[in-house]
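What follows is the content of upload_13.csv, which has CSV, C-alpha atoms:
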```csv
chain,number,residue,atom,x,y,z
A,1,MET,CA,5.7,-10.7,6.3
A,2,ILE,CA,7.0,-14.2,5.4
A,3,ILE,CA,4.8,-16.8,3.6
A,4,ASP,CA,6.1,-20.1,2.5
A,5,ASN,CA,9.7,-18.9,2.9
A,6,ARG,CA,9.1,-15.8,0.7
A,7,ARG,CA,9.6,-12.5,2.3
A,8,SER,CA,7.2,-9.7,1.3
A,9,ILE,CA,7.8,-6.2,0.2
A,10,CYS,CA,5.3,-3.7,1.6
A,11,HIS,CA,4.4,-1.7,-1.5
A,12,LYS,CA,1.5,0.6,-0.4
A,13,VAL,CA,-0.8,1.5,2.5
A,14,VAL,CA,-4.0,3.5,2.5
A,15,TYR,CA,-6.3,4.7,5.3
A,16,ALA,CA,-9.7,5.9,4.2
A,17,VAL,CA,-12.9,7.2,5.9
A,18,SER,CA,-16.2,7.8,4.2
A,19,TYR,CA,-19.0,9.7,5.8
A,20,LYS,CA,-22.4,11.4,5.5
A,21,ASP,CA,-23.3,15.0,6.2
A,22,GLY,CA,-20.0,16.2,4.9
A,23,LEU,CA,-21.2,19.2,2.9
A,24,THR,CA,-19.5,21.5,5.4
A,25,TYR,CA,-16.4,20.7,3.3
A,26,LEU,CA,-17.7,23.1,0.7
A,27,ASP,CA,-17.5,26.0,3.1
A,28,ARG,CA,-14.4,24.9,5.1
A,29,CYS,CA,-12.1,23.2,2.5
A,30,GLY,CA,-9.6,26.1,2.4
A,31,SER,CA,-9.6,26.8,6.2
A,32,THR,CA,-9.2,23.1,6.9
A,33,ALA,CA,-6.2,22.8,4.5
A,34,ASN,CA,-4.7,25.9,6.1
A,35,GLU,CA,-5.0,24.5,9.6
A,36,ILE,CA,-3.4,21.2,8.5
A,37,MET,CA,-0.4,23.1,7.0
A,38,LYS,CA,-0.1,25.3,10.1
A,39,SER,CA,-0.3,22.3,12.4
A,40,SER,CA,2.8,20.7,10.8
A,41,ASP,CA,5.1,22.4,8.2
A,42,GLU,CA,5.6,19.1,6.4
A,43,TRP,CA,2.3,19.5,4.6
A,44,GLU,CA,2.0,21.4,1.3
A,45,LEU,CA,-0.6,21.7,-1.4
A,46,TYR,CA,-0.2,19.1,-4.1
A,47,GLY,CA,-0.7,20.7,-7.5
A,48,HIS,CA,-1.1,24.3,-8.7
A,49,ASP,CA,-4.9,24.7,-8.9
A,50,PRO,CA,-6.6,24.1,-5.6
A,51,ASN,CA,-10.4,24.6,-5.6
A,52,PRO,CA,-13.4,23.7,-3.5
A,53,GLN,CA,-13.6,20.3,-5.1
A,54,ASN,CA,-9.9,19.4,-5.0
A,55,ALA,CA,-7.3,20.6,-2.5
A,56,PRO,CA,-4.9,17.6,-2.0
A,57,LEU,CA,-1.9,17.8,0.3
A,58,ILE,CA,1.4,16.0,0.3
A,59,SER,CA,3.9,15.5,3.0
A,60,LEU,CA,7.4,16.8,2.2
A,61,ARG,CA,8.8,14.5,4.8
A,62,ASN,CA,7.8,11.1,3.3
A,63,GLY,CA,5.5,11.7,0.4
A,64,THR,CA,2.2,10.7,2.1
A,65,ARG,CA,-0.7,12.1,0.2
A,66,PHE,CA,-3.9,13.4,1.7
A,67,ASN,CA,-7.2,13.9,-0.2
A,68,PHE,CA,-10.6,15.0,1.2
A,69,SER,CA,-14.0,15.9,-0.1
A,70,SER,CA,-17.6,16.1,1.0
A,71,LEU,CA,-17.8,12.3,0.9
A,72,LYS,CA,-14.6,10.9,2.2
A,73,TYR,CA,-10.9,11.5,3.0
A,74,ASP,CA,-7.9,9.2,2.5
A,75,PHE,CA,-4.2,9.0,3.1
A,76,SER,CA,-1.8,7.0,1.0
A,77,LEU,CA,1.9,6.1,1.2
A,78,GLU,CA,3.4,4.2,-1.7
A,79,GLN,CA,6.8,2.8,-2.5
A,80,THR,CA,8.1,4.8,-5.5
A,81,ALA,CA,9.1,3.0,-8.7
A,82,ASP,CA,12.8,3.7,-8.3
A,83,ALA,CA,12.9,3.1,-4.5
A,84,ASP,CA,15.7,0.9,-3.1
A,85,LYS,CA,13.6,0.2,0.0
A,86,ASP,CA,10.0,-0.8,0.7
A,87,ILE,CA,7.7,0.6,3.4
A,88,GLU,CA,9.2,-0.5,6.7
A,89,GLU,CA,8.1,-0.4,10.3
A,90,PRO,CA,9.4,3.2,11.0
A,91,ASP,CA,7.6,4.4,7.9
A,92,LEU,CA,4.4,2.8,9.1
A,93,LYS,CA,4.7,4.5,12.5
A,94,GLU,CA,5.3,7.8,10.9
A,95,PHE,CA,2.3,7.3,8.6
A,96,ILE,CA,0.1,6.5,11.7
A,97,GLN,CA,1.2,9.7,13.4
A,98,GLN,CA,0.4,11.7,10.3
A,99,VAL,CA,-3.0,10.2,9.9
A,100,ASP,CA,-3.8,10.6,13.6
A,101,LEU,CA,-3.0,14.3,13.6
A,102,VAL,CA,-4.7,15.3,10.3
A,103,SER,CA,-7.8,13.1,10.6
A,104,SER,CA,-8.5,14.6,14.0
A,105,ILE,CA,-8.4,18.1,12.5
A,106,VAL,CA,-10.6,17.1,9.6
A,107,ASN,CA,-13.2,15.4,11.8
A,108,GLU,CA,-13.4,18.5,14.0
A,109,ARG,CA,-13.4,21.1,11.2
A,110,LEU,CA,-16.1,19.3,9.2
A,111,SER,CA,-18.1,18.3,12.2
A,112,LEU,CA,-18.0,14.7,11.1
A,113,ASN,CA,-19.9,12.2,13.3
A,114,ASN,CA,-21.9,10.1,10.8
A,115,PHE,CA,-19.4,7.6,9.3
A,116,GLU,CA,-20.2,5.1,6.6
A,117,ARG,CA,-16.9,3.2,6.4
A,118,VAL,CA,-13.4,3.2,7.8
A,119,GLY,CA,-10.7,1.1,6.2
A,120,PHE,CA,-6.9,0.4,6.3
A,121,ARG,CA,-5.5,-1.3,3.2
A,122,MET,CA,-2.1,-2.8,2.5
A,123,TRP,CA,-0.5,-4.2,-0.6
A,124,TYR,CA,2.3,-6.7,-0.3
A,125,LEU,CA,4.6,-8.0,-3.1
A,126,PHE,CA,6.3,-11.4,-3.1
A,127,ALA,CA,9.0,-11.6,-5.8
A,128,SER,CA,8.8,-14.3,-8.4
A,129,ARG,CA,11.1,-15.6,-11.1
A,130,SER,CA,8.4,-15.4,-13.8
A,131,ILE,CA,4.7,-15.2,-14.6
A,132,GLU,CA,4.6,-19.0,-14.5
A,133,ASP,CA,6.3,-19.0,-11.1
A,134,SER,CA,3.8,-16.6,-9.7
A,135,GLU,CA,0.9,-18.7,-11.0
A,136,GLU,CA,2.4,-21.9,-9.6
A,137,TRP,CA,3.0,-20.3,-6.2
A,138,ILE,CA,-0.6,-19.0,-6.0
A,139,SER,CA,-1.9,-22.5,-6.8
A,140,LYS,CA,0.4,-24.0,-4.1
A,141,LEU,CA,-0.9,-21.5,-1.5
A,142,LEU,CA,-4.5,-21.8,-2.4
A,143,LYS,CA,-4.3,-25.6,-3.3
A,144,THR,CA,-6.3,-24.9,-6.4
A,145,SER,CA,-4.3,-26.7,-9.1
A,146,ALA,CA,-6.8,-29.5,-9.6
A,147,ILE,CA,-9.7,-27.1,-9.9
A,148,ASP,CA,-7.8,-24.8,-12.3
A,149,ASP,CA,-6.8,-27.8,-14.5
A,150,SER,CA,-10.3,-29.1,-14.5
A,151,ILE,CA,-11.7,-25.8,-15.7
A,152,ALA,CA,-9.0,-25.4,-18.3
A,153,ASP,CA,-9.6,-28.9,-19.7
A,154,ALA,CA,-13.3,-28.4,-19.8
A,155,LEU,CA,-12.8,-25.2,-21.9
A,156,ASN,CA,-10.0,-26.8,-24.0
A,157,GLY,CA,-7.5,-24.2,-23.0
A,158,GLU,CA,-4.7,-23.3,-20.6
A,159,VAL,CA,-4.7,-21.2,-17.5
A,160,GLU,CA,-3.0,-17.9,-18.1
A,161,ALA,CA,-3.8,-16.0,-14.9
A,162,LYS,CA,-5.1,-16.7,-11.5
A,163,SER,CA,-6.5,-14.6,-8.7
A,164,HIS,CA,-8.5,-15.3,-5.6
A,165,VAL,CA,-10.7,-13.0,-3.4
A,166,VAL,CA,-12.2,-13.8,0.0
A,167,VAL,CA,-14.0,-11.6,2.5
A,168,VAL,CA,-13.8,-12.6,6.2
A,169,ALA,CA,-15.9,-11.2,9.0
A,170,SER,CA,-14.0,-11.3,12.3
A,171,ASP,CA,-15.2,-10.1,15.7
A,172,ASP,CA,-14.4,-6.4,15.3
A,173,ARG,CA,-13.8,-5.8,11.5
A,174,LYS,CA,-13.9,-7.4,8.1
A,175,PHE,CA,-11.0,-8.4,5.8
A,176,ARG,CA,-11.1,-8.5,2.1
A,177,ILE,CA,-8.1,-10.5,0.9
A,178,SER,CA,-7.0,-10.7,-2.8
A,179,ILE,CA,-4.1,-12.6,-4.2
A,180,THR,CA,-3.0,-12.3,-7.8
A,181,GLY,CA,0.1,-12.3,-10.1
A,182,VAL,CA,1.5,-8.9,-11.3
A,183,THR,CA,4.3,-7.6,-13.5
A,184,ASN,CA,6.3,-4.4,-13.2
A,185,GLN,CA,6.3,-2.9,-16.7
A,186,THR,CA,8.3,0.1,-15.5
A,187,GLN,CA,11.4,-1.8,-14.3
A,188,LEU,CA,14.6,-0.7,-15.9
A,189,ASP,CA,17.5,-3.0,-17.0
A,190,LEU,CA,20.4,-2.9,-14.6
A,191,VAL,CA,23.7,-1.6,-15.8
A,192,GLY,CA,25.7,-4.7,-16.4
A,193,GLY,CA,22.6,-6.8,-15.9
A,194,LYS,CA,22.7,-8.1,-19.5
A,195,ILE,CA,26.2,-7.4,-20.6
A,196,GLY,CA,28.0,-9.2,-17.8
A,197,ILE,CA,30.3,-6.5,-16.3
A,198,ARG,CA,32.7,-7.9,-13.8
A,199,LYS,CA,32.5,-6.1,-10.5
A,200,LYS,CA,36.3,-6.0,-10.1
A,201,ARG,CA,36.6,-3.9,-13.2
A,202,LEU,CA,34.3,-1.2,-11.9
A,203,HIS,CA,35.7,1.8,-10.1
A,204,HIS,CA,34.4,2.8,-6.7
A,205,GLU,CA,31.5,5.1,-7.8
A,206,GLN,CA,30.4,2.5,-10.4
A,207,LYS,CA,30.4,-0.2,-7.7
A,208,LYS,CA,28.3,2.0,-5.5
A,209,TYR,CA,25.9,2.7,-8.3
A,210,LEU,CA,25.6,-1.0,-9.2
A,211,GLN,CA,25.0,-2.0,-5.6
A,212,ARG,CA,22.3,0.7,-5.4
A,213,GLU,CA,20.6,-0.6,-8.6
A,214,LEU,CA,20.7,-4.2,-7.4
A,215,LYS,CA,19.1,-3.2,-4.2
A,216,ARG,CA,16.5,-1.1,-6.0
A,217,ALA,CA,15.7,-4.1,-8.4
A,218,ALA,CA,15.2,-6.4,-5.4
A,219,LYS,CA,12.6,-4.0,-4.0
A,220,ASN,CA,10.9,-3.6,-7.4
A,221,PRO,CA,10.6,-7.1,-8.8
A,222,GLU,CA,9.7,-7.5,-12.4
A,223,PHE,CA,7.4,-10.5,-11.5
A,224,ALA,CA,5.5,-10.8,-8.2
A,225,VAL,CA,2.5,-12.1,-6.4
A,226,MET,CA,0.5,-9.3,-4.9
A,227,LEU,CA,-1.4,-9.8,-1.6
A,228,ASP,CA,-4.0,-7.0,-1.2
A,229,ILE,CA,-5.5,-6.9,2.3
A,230,ASP,CA,-8.3,-4.4,3.1
A,231,SER,CA,-9.5,-4.3,6.7
A,232,PHE,CA,-12.6,-2.3,7.3
A,233,VAL,CA,-15.7,-1.6,9.3
A,234,ASP,CA,-19.0,-0.5,7.9
A,235,SER,CA,-21.1,2.1,9.7
A,236,PRO,CA,-18.6,2.6,12.6
A,237,LYS,CA,-19.8,4.5,15.6
A,238,GLY,CA,-16.6,6.6,15.5
A,239,THR,CA,-13.1,6.7,14.2
A,240,ASP,CA,-9.8,6.5,16.1
A,241,ALA,CA,-7.3,6.4,13.3
A,242,LYS,CA,-4.3,5.4,15.4
A,243,ASP,CA,-6.1,2.6,17.2
A,244,PHE,CA,-7.8,1.2,14.0
A,245,ILE,CA,-4.6,1.1,11.9
A,246,THR,CA,-2.5,-0.3,14.7
A,247,GLU,CA,-4.9,-3.1,15.5
A,248,SER,CA,-5.5,-3.9,11.8
A,249,LEU,CA,-1.8,-4.0,11.2
A,250,LYS,CA,-1.3,-6.3,14.2
A,251,GLN,CA,-4.0,-8.7,13.0
A,252,ILE,CA,-2.8,-8.8,9.4
A,253,GLU,CA,0.9,-9.5,10.3
A,254,GLU,CA,0.1,-12.1,13.0
A,255,LYS,CA,-2.8,-14.0,11.4
A,256,VAL,CA,-2.5,-13.8,7.6
A,257,PRO,CA,0.7,-15.8,7.3
A,258,VAL,CA,-0.9,-18.6,9.5
A,259,ALA,CA,-3.6,-19.0,6.9
A,260,PHE,CA,-1.2,-20.1,4.2
A,261,LYS,CA,0.7,-22.7,6.3
```
Using the file provided, produce a representation of the structure as structure tokens.
Amino acid sequence: MIIDNRRSICHKVVYAVSYKDGLTYLDRCGSTANEIMKSSDEWELYGHDPNPQNAPLISLRNGTRFNFSSLKYDFSLEQTADADKDIEEPDLKEFIQQVDLVSSIVNERLSLNNFERVGFRMWYLFASRSIEDSEEWISKLLKTSAIDDSIADALNGEVEAKSHVVVVASDDRKFRISITGVTNQTQLDLVGGKIGIRKKRLHHEQKKYLQRELKRAAKNPEFAVMLDIDSFVDSPKGTDAKDFITESLKQIEEKVPVAFK
């Protein structure tokens, strides 16, 4: 996604379904987990102490995590802190396939048909030079500088942080969109980032390492603006994970950038 000439990094995606009448989970937690692992050998128990209240699974293929209970289930795929790439289109397609397979098993095994909410959520990061740059960019996008300054003047202070949340009801789903500045406290200093090593003085393996670190840093910015978009339906008549995620993703990528022009 590109907004105001800044390209986003897809940081995390989540698909979640909440439901009523899910107490069958208490009897079928283990058998459901076993069926998921038998259906695809990429799934393994996450942790060493599964129990009727907690039997999370993780994909050995891409790190997607799956949790389920008597109230809801959810899938999440997140860019790791040291990743040199973000979540890209092939990753999203793989995620959709995983969700489609596993959710169909869970819906059948737990006899789910009374759903409270279905949602697909995405977190995008737009790299900034500093905290101030993030705040200025948010003001530019939202055109709120005059309002922010007026509030700050009235309170005899300065604006330190800005965020904005809006909920929009479209024809077939709702969107909750939040935009705020964030910092990455876990980012590591690059080798040579502060001591000025010249690339021509590095041997081949050092150059490869530096290039990898530069790429990793570009995908893990120290300062960024986070765009959090949650598309959801309350009290859906049913759930088709593949269709819901695909359509939500299409609407988000096509329509959200237009809103900030």
Among listed residues A:Arg61, A:Lys174, A:Arg121, A:Lys242, nearest Lys12 of chain A (using only C-alpha atoms)
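Residue with the minimum atom-to-atom distance to Lys12 of chain A: A:Arg121.
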Segment 163-171 of chain A, all listed atoms, 4 Å padding on each side: what axis-aligned box centre and edge lengths in Å to one decimal come out, as lines of an AutoDock Vina configuration file?
```
center_x = -11.2
center_y = -12.7
center_z = 3.5
size_x = 17.4
size_y = 13.2
size_z = 32.4
```
Contact table segment 83-173 of chain A vs segment 35-40 of chain A, cut-off 9 Å, shortest pair per residue, all atoms listed in the file, as CSV:
```
residue,atom,partner,partner_atom,distance
A:Leu101,CA,A:Ser39,CA,8.5
A:Val102,CA,A:Ile36,CA,6.3
A:Ile105,CA,A:Ile36,CA,7.1
A:Val106,CA,A:Ile36,CA,8.4
```
Thr24 of chain A: which residues within 8 Å, counting all atoms listed in the file, same-chain residues fewer than 3 positions away excluded, as a PyMOL selection string?
chain A and resi 21+27-28+70+110-111
Keeping only C-alpha atoms, write the selected residues to a file as a compact mmCIF listing (two decimals), keeping the file's coordinate frame.
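Below is the file that was written, result-v5.txt:
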```
# COMPACT_ATOMS: atom_id res chain seq x y z
CA ASP A 21 -23.30 15.00 6.20
CA ASP A 27 -17.50 26.00 3.10
CA ARG A 28 -14.40 24.90 5.10
CA SER A 70 -17.60 16.10 1.00
CA LEU A 110 -16.10 19.30 9.20
CA SER A 111 -18.10 18.30 12.20
```
What is the atom CA of Asn107 of chain A-atom CA of Leu92 of chain A distance in Å, reported with one decimal?
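Straight-line distance from atom CA of Asn107 of chain A to atom CA of Leu92 of chain A works out to 21.8 Å.
For the residues A:Leu57, A:Leu45, A:Val14, A:Val118, ranking by smallest atom-to-atom distance to Ser235 of chain A using all atoms listed in the file places A:Val118 first.
Near segment 53-55 of chain A, within 10 Å and counting only C-alpha atoms, sit Tyr25, Leu26, Cys29, Gly30, Thr32, Ala33, Leu45, Tyr46, Gly47, His48, Asp49, Phe66, Asn67, Phe68, Ser69 and Ser70 of chain A, not including residues fewer than 4 positions from it in the same chain.
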Report, in Å with one decimal, the straight-line distance from atom CA of Val17 of chain A to atom CA of Met122 of chain A.
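Atom CA of Val17 of chain A sits 15.1 Å away from atom CA of Met122 of chain A.
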Contact residues around Val182 of chain A with only C-alpha atoms at 8 Å, ignoring same-chain residues under 2 positions, as number ranges by chain:
A: 131, 180, 184, 223-226
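Interatomic distance, atom CA of Thr64 of chain A to atom CA of Leu77 of chain A: 4.7 Å.
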